[in-house]
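What follows is a set of notes on a single structure, which appears directly below.
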Amino acid sequence: MLELIKDLWGFMRARKKFWLAPIIIIMLILGTLIVLTQGSAVAPFIYTLF
């Protein structure tokens, strides 16, 4: 996992694609939110946000 982060950072730094960082961060946050609330009682409340 750490190697993937290093590769992404190296790609963004070498090609000046720093605008990708917020997109990747938002995708990670939404992914963890979906995984953590998949089987819990909080899930119906999360779905109303989207």
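All residue names refer to the structure tokens as shown: chains lettered A, B, ... in order, residues numbered from 1 in each chain, ligands numbered from 1 in order.
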
Per DSSP on the backbone, what are the helix (DSSP H, G or I) residues of chain A, as a VMD selection string? chain A and resid 2 to 15 20 to 36 43 to 49

Near segment 4-12 of chain A, within 12 Å and counting only C-alpha atoms, which residues show up once chain neighbours fewer than 4 positions away are dropped, as a PyMOL selection string? chain A and resi 16-22+24-25+28

Hey, can you spit out that residue selection with N, CA, C and O atoms as a compact mmCIF listing (two decimals), in the first residue's frame?
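The file below, selection-v3.txt, is the result:
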```txt
# COMPACT_ATOMS: atom_id res chain seq x y z
N LYS A 16 3.48 17.11 -12.94
CA LYS A 16 2.80 18.32 -12.45
C LYS A 16 1.27 18.16 -12.48
O LYS A 16 0.54 19.01 -12.93
N LYS A 17 0.81 17.03 -11.98
CA LYS A 17 -0.62 16.73 -11.94
C LYS A 17 -1.13 16.80 -10.50
O LYS A 17 -1.81 15.90 -10.01
N PHE A 18 -0.83 17.88 -9.81
CA PHE A 18 -1.23 18.00 -8.41
C PHE A 18 -2.73 18.15 -8.24
O PHE A 18 -3.25 17.97 -7.15
N TRP A 19 -3.45 18.46 -9.31
CA TRP A 19 -4.90 18.57 -9.22
C TRP A 19 -5.54 17.20 -9.00
O TRP A 19 -6.72 17.11 -8.63
N LEU A 20 -4.80 16.11 -9.20
CA LEU A 20 -5.33 14.78 -8.96
C LEU A 20 -5.43 14.45 -7.47
O LEU A 20 -6.21 13.58 -7.08
N ALA A 21 -4.65 15.10 -6.64
CA ALA A 21 -4.61 14.79 -5.21
C ALA A 21 -5.98 14.93 -4.53
O ALA A 21 -6.40 14.01 -3.82
N PRO A 22 -6.70 16.04 -4.72
CA PRO A 22 -8.02 16.12 -4.06
C PRO A 22 -9.01 15.07 -4.56
O PRO A 22 -9.81 14.55 -3.78
N ILE A 24 -8.27 12.02 -5.60
CA ILE A 24 -7.89 10.74 -4.98
C ILE A 24 -8.30 10.71 -3.52
O ILE A 24 -8.81 9.70 -3.02
N ILE A 25 -8.11 11.81 -2.82
CA ILE A 25 -8.48 11.86 -1.39
C ILE A 25 -9.98 11.69 -1.21
O ILE A 25 -10.44 10.93 -0.34
N LEU A 28 -10.96 8.09 -1.77
CA LEU A 28 -10.60 7.25 -0.63
C LEU A 28 -11.56 7.43 0.54
O LEU A 28 -11.95 6.46 1.19
```
